Amino acid sequence: MRVIAEIMEQQPLSHPARDVWWMCLKAPSVAAQAQPGQFIMLKLGHTTPHPLGRPFSIAGVNDEYIFLLYKQKGAITDLMPHLNEGAKVILWGPLGHGFDLRDDKTPLLLIAGGAGIAPMLFTWQRFSNAALLAGFADWHNFNRLSVILRELRRFSPPIPAGPDTLLTPESVYITNLSPYWSAGSGLVTDPLLNPQNSGFIKNHNSVLTCGPWPMMKRVAAISREYGISCQIAAESPMACGLGVCMGCALPAAQGDYLYLCKHGPALQAEALDWNRLCL
Amino acid sequence: MSVKPDLTCRIGNLVARNPIFAASGTYGFGEELADYANIGKLGGLVTKGLSLSPRPGNRPPRICETMSGMLNSIGLANPGLDIFIRDKLPYLQKIADAGCLVIVNMYAENRQEFVDLSKALSAVSGISALELNLSCPNVSDGGMAFGVDPGAVFRITQAVRENTNLPLWVKLTPNVTNIVEIAQAALQGGADAISMINTLLATAIDARARKFRLGNIMGGLSGPAIKPVALRMVLQVSKELDIPIVGMGGITGGSDIIEFFLAGACAVQIGSANLMDPLAMERINAELFDFCLEENVSKLQDLSGQLAAECRLQKI
Ligand SMILES: Cc1cc2nc3c(=O)[nH]c(=O)nc-3n(C[C@H](O)[C@H](O)[C@H](O)COP(=O)(O)OP(=O)(O)OC[C@H]3O[C@@H](n4cnc5c(N)ncnc54)[C@H](O)[C@@H]3O)c2cc1C
Ligand SMILES: Cc1cc2nc3c(=O)[nH]c(=O)nc-3n(C[C@H](O)[C@H](O)[C@H](O)COP(=O)(O)O)c2cc1C
Ligand code: FES
């Protein structure tokens, strides 16, 4: 579906940087079909010096609305915070393959880095027994995050923090590298390396992860050690999002390439040839 | 009172219900966009460049945006002839039955491959014309694009001409000094029409990372940024030669089509705009129709070459 969607609301999530935003758009036909891990292409208008659409994960849906979580990174994401309520954008989706979420894949352990939390939030919204572990390099405004979590699932879980955190079900865990963060800091993968959490980790049938490549690589390696299947939500430059331009190629494990907008963005970690990825 | 504008157009012996064709590489094999766009409304569709054997394509990253345009170094990734005929052709035959002209864009590394491809494609139904992509590197001759050498253009066009009864469009690369000379070679080789232009050779650099933005370092520039170059080249060829021109390069709106017609085109292809919005061609079609209504253009074809003719008269 290619639609004109209306912006209902935007709020900054990061503090003090205010460079991560939560956006709600009205797009009934997209919301009705969206699956966790899928994405949309968004474009601000026909005539712009930046003619290509931009891919964003669907971060959640509610009735006729879809949510996006984006980080300002350049031309278009710097313009987006200036869009007011009621502004219209061009949007097409839902696109690509979402996560494989069949029964034997659950319970899910979701591991997110930075804006990679977007597809994880949607998955968390759909699966009440999924555990979410998220790491942020430079932002914290977790009051807002709990509001969003409540909005998504009408339930606001406790948010314990820090690298030595003992993971338990029904919580959303935050780790942080921010100097503003006092409750302990560290990488999102630190709690996974804490032996006291191994029982918790083993209770899961798959790990889903989205974030920077080095983080996903580490998460994939840890999952492999535990013998738990790992799916990643990957990124690659895109033009069409529809499988026509052949631009979004990533090296495939069986040789040649896979096309992220069609075969992904959610992939089994083993589907990629990590050695040929230019990380 | 204004009459409903007539948008039908004629490219040699082919008649299309409107002048809007999807450009090669920006509409796949049609089926990919079936859920999105109303392909039934297109004048025609030019397929992704097809080669005899499957091609994996270039090292990523393969695309990046540039100011008012984009670079691609896809490397002509495509499934190859056999899979095309088995999996892609049936859908194309369906849209051909519904009145959309289907043109197959051919990629090859030497003359024999072009001949083999055109023979095979002439033996199946549903294809209205073949488009020779002469931007391909001539692998048996140092890898320079066929399209920069008038001799090579003549020989390949002639070889394909002798092996097919389908109308033959020859697609020119703009990366040459004298475009008229190349177009002339295609005409002499037996081309029924010229498609122009392909992408402009370019690169992009990430200043912070101090790296090239494309894995292949160089790629092809397309989109609004190249429209003035494309218009200039269409004008140059149409001034000098009597051959139908299918114009393209940076078209994103209805009035762009009028500009290409005035410069000498008799049909157009829309490329990057399809990637920028899957409904681009429907919008452009509607804009073209409205433009013709507003400006009292009753028959679009009448505009073709008007400014080229003026240039000829004034000996410009
Ligand atoms: C499937 C998919 C889902 C995504 N989901 C989200 C999301 O939910 N939230 C979010 O904040 N971001 C997401 N992204 C990344 C987002 O698309 C880019 O940050 C955005 O396109 C940048 O646009 P810009 O105009 O602001 O930046 P530009 O000015 O275009 O570029 C700024 C910098 O970002 C890099 N960049 C541009 N596009 C991409 C891209 N597609 N992938 C990686 N780097 C890129 C450029 O190379 C450049 O260094 C996703 C990307 C993909 C492929
Ligand atoms: C992603 C992409 C892939 C392309 N692939 C082909 C191709 O396979 N064969 C070909 O002849 N031209 C190919 N082209 C060139 C276009 O058909 C067209 O000539 C060019 O992009 C200029 O038109 P535009 O500015 O409207 O895009 C490709 C262009 C793009 C952007
Ligand atoms: S983005 Fe165009 S094929 Fe994937």
# chains A, B, ... in the order shown; residues from 1 in each chain; ligands from 1
$ residues_around --residues "stretch 4-20 of chain B" --least-positions-apart "4" --cutoff "8 Å" --atoms "only C-alpha atoms" --output "JSON, numbers by chain"
{"B": [42, 43, 44, 99, 100, 101, 128, 167, 192, 193, 244, 245, 246, 266, 267, 268, 269, 270, 281, 285, 289, 292, 293, 296, 297, 298, 299, 300, 301]}
$ write_last_selection --atoms "N, CA and C atoms" --output "PDB file, in the first residue's frame"
ATOM      1  N   LEU B  42      -0.055   1.887 -17.844  1.00  0.00           N
ATOM      2  CA  LEU B  42       1.199   2.319 -18.459  1.00  0.00           C
ATOM      3  C   LEU B  42       1.152   2.219 -19.973  1.00  0.00           C
ATOM      4  N   GLY B  43       1.904   3.083 -20.633  1.00  0.00           N
ATOM      5  CA  GLY B  43       2.109   2.902 -22.059  1.00  0.00           C
ATOM      6  C   GLY B  43       2.924   1.640 -22.299  1.00  0.00           C
ATOM      7  N   GLY B  44       3.930   1.460 -21.494  1.00  0.00           N
ATOM      8  CA  GLY B  44       4.764   0.277 -21.633  1.00  0.00           C
ATOM      9  C   GLY B  44       5.725   0.119 -20.475  1.00  0.00           C
ATOM     10  N   GLY B  99      -2.687  -4.538 -22.964  1.00  0.00           N
ATOM     11  CA  GLY B  99      -2.402  -3.320 -23.721  1.00  0.00           C
ATOM     12  C   GLY B  99      -1.152  -2.569 -23.313  1.00  0.00           C
ATOM     13  N   CYS B 100      -0.359  -3.147 -22.403  1.00  0.00           N
ATOM     14  CA  CYS B 100       0.882  -2.489 -21.986  1.00  0.00           C
ATOM     15  C   CYS B 100       2.009  -3.068 -22.842  1.00  0.00           C
ATOM     16  N   LEU B 101       2.754  -2.220 -23.541  1.00  0.00           N
ATOM     17  CA  LEU B 101       3.845  -2.731 -24.368  1.00  0.00           C
ATOM     18  C   LEU B 101       4.973  -3.243 -23.469  1.00  0.00           C
ATOM     19  N   SER B 128       7.102  -6.742 -27.246  1.00  0.00           N
ATOM     20  CA  SER B 128       6.827  -5.794 -28.329  1.00  0.00           C
ATOM     21  C   SER B 128       8.079  -5.260 -28.986  1.00  0.00           C
ATOM     22  N   PRO B 167      10.891  -4.926 -33.274  1.00  0.00           N
ATOM     23  CA  PRO B 167      11.455  -3.578 -33.311  1.00  0.00           C
ATOM     24  C   PRO B 167      12.656  -3.499 -32.361  1.00  0.00           C
ATOM     25  N   ASP B 192      15.377   0.787 -34.825  1.00  0.00           N
ATOM     26  CA  ASP B 192      14.075   1.399 -35.100  1.00  0.00           C
ATOM     27  C   ASP B 192      13.841   2.632 -34.243  1.00  0.00           C
ATOM     28  N   ALA B 193      14.547   2.704 -33.132  1.00  0.00           N
ATOM     29  CA  ALA B 193      14.421   3.871 -32.254  1.00  0.00           C
ATOM     30  C   ALA B 193      15.661   3.958 -31.384  1.00  0.00           C
ATOM     31  N   PRO B 244      12.988   7.848 -34.421  1.00  0.00           N
ATOM     32  CA  PRO B 244      12.209   8.047 -33.194  1.00  0.00           C
ATOM     33  C   PRO B 244      13.098   8.000 -31.956  1.00  0.00           C
ATOM     34  N   ILE B 245      12.854   8.912 -31.035  1.00  0.00           N
ATOM     35  CA  ILE B 245      13.644   8.963 -29.799  1.00  0.00           C
ATOM     36  C   ILE B 245      12.738   8.736 -28.595  1.00  0.00           C
ATOM     37  N   VAL B 246      13.134   7.764 -27.772  1.00  0.00           N
ATOM     38  CA  VAL B 246      12.456   7.551 -26.497  1.00  0.00           C
ATOM     39  C   VAL B 246      13.321   8.238 -25.453  1.00  0.00           C
ATOM     40  N   CYS B 266       9.491  11.073 -28.828  1.00  0.00           N
ATOM     41  CA  CYS B 266       8.113  10.728 -29.190  1.00  0.00           C
ATOM     42  C   CYS B 266       7.503   9.803 -28.150  1.00  0.00           C
ATOM     43  N   ALA B 267       8.281   9.471 -27.127  1.00  0.00           N
ATOM     44  CA  ALA B 267       7.803   8.717 -25.966  1.00  0.00           C
ATOM     45  C   ALA B 267       8.863   8.924 -24.900  1.00  0.00           C
ATOM     46  N   VAL B 268       8.540   8.562 -23.652  1.00  0.00           N
ATOM     47  CA  VAL B 268       9.529   8.750 -22.591  1.00  0.00           C
ATOM     48  C   VAL B 268       9.558   7.536 -21.671  1.00  0.00           C
ATOM     49  N   GLN B 269      10.632   7.434 -20.943  1.00  0.00           N
ATOM     50  CA  GLN B 269      10.720   6.427 -19.890  1.00  0.00           C
ATOM     51  C   GLN B 269      10.940   7.134 -18.561  1.00  0.00           C
ATOM     52  N   ILE B 270      10.332   6.554 -17.530  1.00  0.00           N
ATOM     53  CA  ILE B 270      10.479   7.088 -16.173  1.00  0.00           C
ATOM     54  C   ILE B 270      11.334   6.099 -15.408  1.00  0.00           C
ATOM     55  N   MET B 281       4.392   7.015 -11.644  1.00  0.00           N
ATOM     56  CA  MET B 281       3.946   7.074 -13.043  1.00  0.00           C
ATOM     57  C   MET B 281       2.460   7.399 -13.162  1.00  0.00           C
ATOM     58  N   ASN B 285       1.297  10.619 -15.162  1.00  0.00           N
ATOM     59  CA  ASN B 285       0.303  10.453 -16.226  1.00  0.00           C
ATOM     60  C   ASN B 285      -0.851  11.443 -16.046  1.00  0.00           C
ATOM     61  N   PHE B 289      -1.876  14.660 -18.466  1.00  0.00           N
ATOM     62  CA  PHE B 289      -3.222  14.841 -18.998  1.00  0.00           C
ATOM     63  C   PHE B 289      -3.741  16.240 -18.667  1.00  0.00           C
ATOM     64  N   CYS B 292      -1.996  18.973 -20.667  1.00  0.00           N
ATOM     65  CA  CYS B 292      -2.476  19.058 -22.051  1.00  0.00           C
ATOM     66  C   CYS B 292      -3.845  19.736 -22.112  1.00  0.00           C
ATOM     67  N   LEU B 293      -4.701  19.432 -21.122  1.00  0.00           N
ATOM     68  CA  LEU B 293      -6.008  20.091 -21.064  1.00  0.00           C
ATOM     69  C   LEU B 293      -5.837  21.597 -20.919  1.00  0.00           C
ATOM     70  N   ASN B 296      -4.268  23.342 -23.917  1.00  0.00           N
ATOM     71  CA  ASN B 296      -4.915  23.052 -25.195  1.00  0.00           C
ATOM     72  C   ASN B 296      -4.060  22.232 -26.157  1.00  0.00           C
ATOM     73  N   VAL B 297      -3.391  21.239 -25.605  1.00  0.00           N
ATOM     74  CA  VAL B 297      -2.661  20.304 -26.469  1.00  0.00           C
ATOM     75  C   VAL B 297      -3.631  19.176 -26.792  1.00  0.00           C
ATOM     76  N   SER B 298      -4.162  19.159 -28.017  1.00  0.00           N
ATOM     77  CA  SER B 298      -5.166  18.136 -28.297  1.00  0.00           C
ATOM     78  C   SER B 298      -4.497  16.822 -28.691  1.00  0.00           C
ATOM     79  N   LYS B 299      -3.331  16.913 -29.293  1.00  0.00           N
ATOM     80  CA  LYS B 299      -2.633  15.688 -29.693  1.00  0.00           C
ATOM     81  C   LYS B 299      -1.167  15.830 -29.286  1.00  0.00           C
ATOM     82  N   LEU B 300      -0.791  15.078 -28.253  1.00  0.00           N
ATOM     83  CA  LEU B 300       0.558  15.205 -27.704  1.00  0.00           C
ATOM     84  C   LEU B 300       1.627  15.001 -28.771  1.00  0.00           C
ATOM     85  N   GLN B 301       1.393  14.015 -29.645  1.00  0.00           N
ATOM     86  CA  GLN B 301       2.390  13.667 -30.653  1.00  0.00           C
ATOM     87  C   GLN B 301       2.794  14.880 -31.513  1.00  0.00           C
TER      88      GLN B 301
END
$ interface_residues --of "chain B" --to "chain A" --cutoff "10 Å" --atoms "only C-alpha atoms" --output "JSON, numbers by chain"
{"B": [24, 25, 26, 27, 28, 29, 30, 31, 32, 33, 35, 36, 37, 48, 55, 56, 57, 58, 59, 60, 61, 62, 63, 64, 65, 66, 67, 68, 69, 70, 72, 73, 74, 75, 76, 77, 78, 215, 223, 224, 225, 252, 253, 272, 273, 274, 275, 276, 277, 278, 279, 280]}
$ residues_near_ligand --ligand "ligand 1" --cutoff "6 Å" --atoms "only C-alpha atoms and all ligand atoms" --output "ChimeraX atom specification"
/A:39,54-57,69-78,115,118,235-238,265
$ select_by_dssp --residues "stretch 149-271 of chain A" --states "alpha helix (DSSP H)" --output "MDAnalysis selection string"
chainID A and resid 149:153 190:193 198:202 213:226 260:263
$ write_last_selection --atoms "C-alpha atoms" --output "PDB file, in the first residue's frame"
ATOM      1  CA  LEU A 149       5.591   0.833  26.811  1.00  0.00           C
ATOM      2  CA  ARG A 150       2.270   1.384  28.524  1.00  0.00           C
ATOM      3  CA  GLU A 151       0.773   2.800  25.356  1.00  0.00           C
ATOM      4  CA  LEU A 152       1.896  -0.261  23.424  1.00  0.00           C
ATOM      5  CA  ARG A 153       0.782  -2.940  25.851  1.00  0.00           C
ATOM      6  CA  ASP A 190      27.015  -7.260  29.415  1.00  0.00           C
ATOM      7  CA  PRO A 191      24.037  -8.813  31.226  1.00  0.00           C
ATOM      8  CA  LEU A 192      24.146 -11.670  28.724  1.00  0.00           C
ATOM      9  CA  LEU A 193      27.684 -12.451  29.818  1.00  0.00           C
ATOM     10  CA  SER A 198      22.367 -18.042  32.081  1.00  0.00           C
ATOM     11  CA  GLY A 199      19.285 -19.786  33.471  1.00  0.00           C
ATOM     12  CA  PHE A 200      17.141 -16.885  32.388  1.00  0.00           C
ATOM     13  CA  ILE A 201      18.627 -16.837  28.900  1.00  0.00           C
ATOM     14  CA  LYS A 202      18.167 -20.591  28.456  1.00  0.00           C
ATOM     15  CA  TRP A 213      26.317  -4.350  13.330  1.00  0.00           C
ATOM     16  CA  PRO A 214      29.056  -5.052  15.923  1.00  0.00           C
ATOM     17  CA  MET A 215      26.391  -5.443  18.592  1.00  0.00           C
ATOM     18  CA  MET A 216      24.301  -7.805  16.459  1.00  0.00           C
ATOM     19  CA  LYS A 217      27.395  -9.828  15.658  1.00  0.00           C
ATOM     20  CA  ARG A 218      28.137 -10.224  19.365  1.00  0.00           C
ATOM     21  CA  VAL A 219      24.538 -11.122  20.157  1.00  0.00           C
ATOM     22  CA  ALA A 220      24.558 -13.711  17.358  1.00  0.00           C
ATOM     23  CA  ALA A 221      27.753 -15.250  18.766  1.00  0.00           C
ATOM     24  CA  ILE A 222      26.357 -15.410  22.320  1.00  0.00           C
ATOM     25  CA  SER A 223      23.109 -16.973  21.045  1.00  0.00           C
ATOM     26  CA  ARG A 224      25.108 -19.563  19.148  1.00  0.00           C
ATOM     27  CA  GLU A 225      27.002 -20.471  22.327  1.00  0.00           C
ATOM     28  CA  TYR A 226      23.688 -20.990  24.076  1.00  0.00           C
ATOM     29  CA  LEU A 260      17.203  -6.928   2.402  1.00  0.00           C
ATOM     30  CA  CYS A 261      13.900  -5.288   1.490  1.00  0.00           C
ATOM     31  CA  LYS A 262      12.582  -8.617   0.198  1.00  0.00           C
ATOM     32  CA  HIS A 263      14.346 -11.402   2.107  1.00  0.00           C
TER      33      HIS A 263
END
$ select_by_dssp --residues "stretch 66-175 of chain B" --states "strand (DSSP E)" --output "ChimeraX atom specification"
/B:66,69-72,101-106,129-133,168-171
$ atom_distance --atom1 "atom CA of A:Gly86" --atom2 "atom CA of A:Cys24"
10.8 Å
$ atom_distance --atom1 "atom CA of B:Glu131" --atom2 "atom CA of B:Phe21"
12.5 Å
$ residues_around --residues "B:Arg111" --least-positions-apart "6" --cutoff "9 Å" --atoms "only C-alpha atoms" --output "list in words"
Asn138, Ala152, Arg155, Ile156, Ala159 and Val160 of chain B
$ write_last_selection --atoms "N, CA, C and O atoms" --output "PDB file, in the first residue's frame"
ATOM      1  N   ASN B 138      32.304  -3.874 -22.803  1.00  0.00           N
ATOM      2  CA  ASN B 138      32.618  -4.843 -23.843  1.00  0.00           C
ATOM      3  C   ASN B 138      33.774  -5.702 -23.343  1.00  0.00           C
ATOM      4  O   ASN B 138      34.940  -5.330 -23.444  1.00  0.00           O
ATOM      5  N   ALA B 152      31.553  -0.258 -32.880  1.00  0.00           N
ATOM      6  CA  ALA B 152      30.961  -1.349 -32.104  1.00  0.00           C
ATOM      7  C   ALA B 152      29.441  -1.219 -32.087  1.00  0.00           C
ATOM      8  O   ALA B 152      28.715  -2.213 -32.205  1.00  0.00           O
ATOM      9  N   ARG B 155      28.131  -2.480 -35.424  1.00  0.00           N
ATOM     10  CA  ARG B 155      28.246  -3.935 -35.606  1.00  0.00           C
ATOM     11  C   ARG B 155      27.236  -4.689 -34.744  1.00  0.00           C
ATOM     12  O   ARG B 155      26.600  -5.640 -35.201  1.00  0.00           O
ATOM     13  N   ILE B 156      27.065  -4.261 -33.510  1.00  0.00           N
ATOM     14  CA  ILE B 156      26.133  -4.990 -32.629  1.00  0.00           C
ATOM     15  C   ILE B 156      24.697  -4.764 -33.075  1.00  0.00           C
ATOM     16  O   ILE B 156      23.897  -5.697 -33.140  1.00  0.00           O
ATOM     17  N   ALA B 159      24.116  -6.877 -36.111  1.00  0.00           N
ATOM     18  CA  ALA B 159      24.057  -8.310 -35.816  1.00  0.00           C
ATOM     19  C   ALA B 159      22.714  -8.673 -35.198  1.00  0.00           C
ATOM     20  O   ALA B 159      22.103  -9.686 -35.550  1.00  0.00           O
ATOM     21  N   VAL B 160      22.233  -7.844 -34.281  1.00  0.00           N
ATOM     22  CA  VAL B 160      20.946  -8.144 -33.647  1.00  0.00           C
ATOM     23  C   VAL B 160      19.821  -7.968 -34.669  1.00  0.00           C
ATOM     24  O   VAL B 160      18.906  -8.793 -34.764  1.00  0.00           O
TER      25      VAL B 160
END
$ atom_distance --atom1 "atom CA of B:Ile284" --atom2 "atom CA of B:Asn38"
12.8 Å
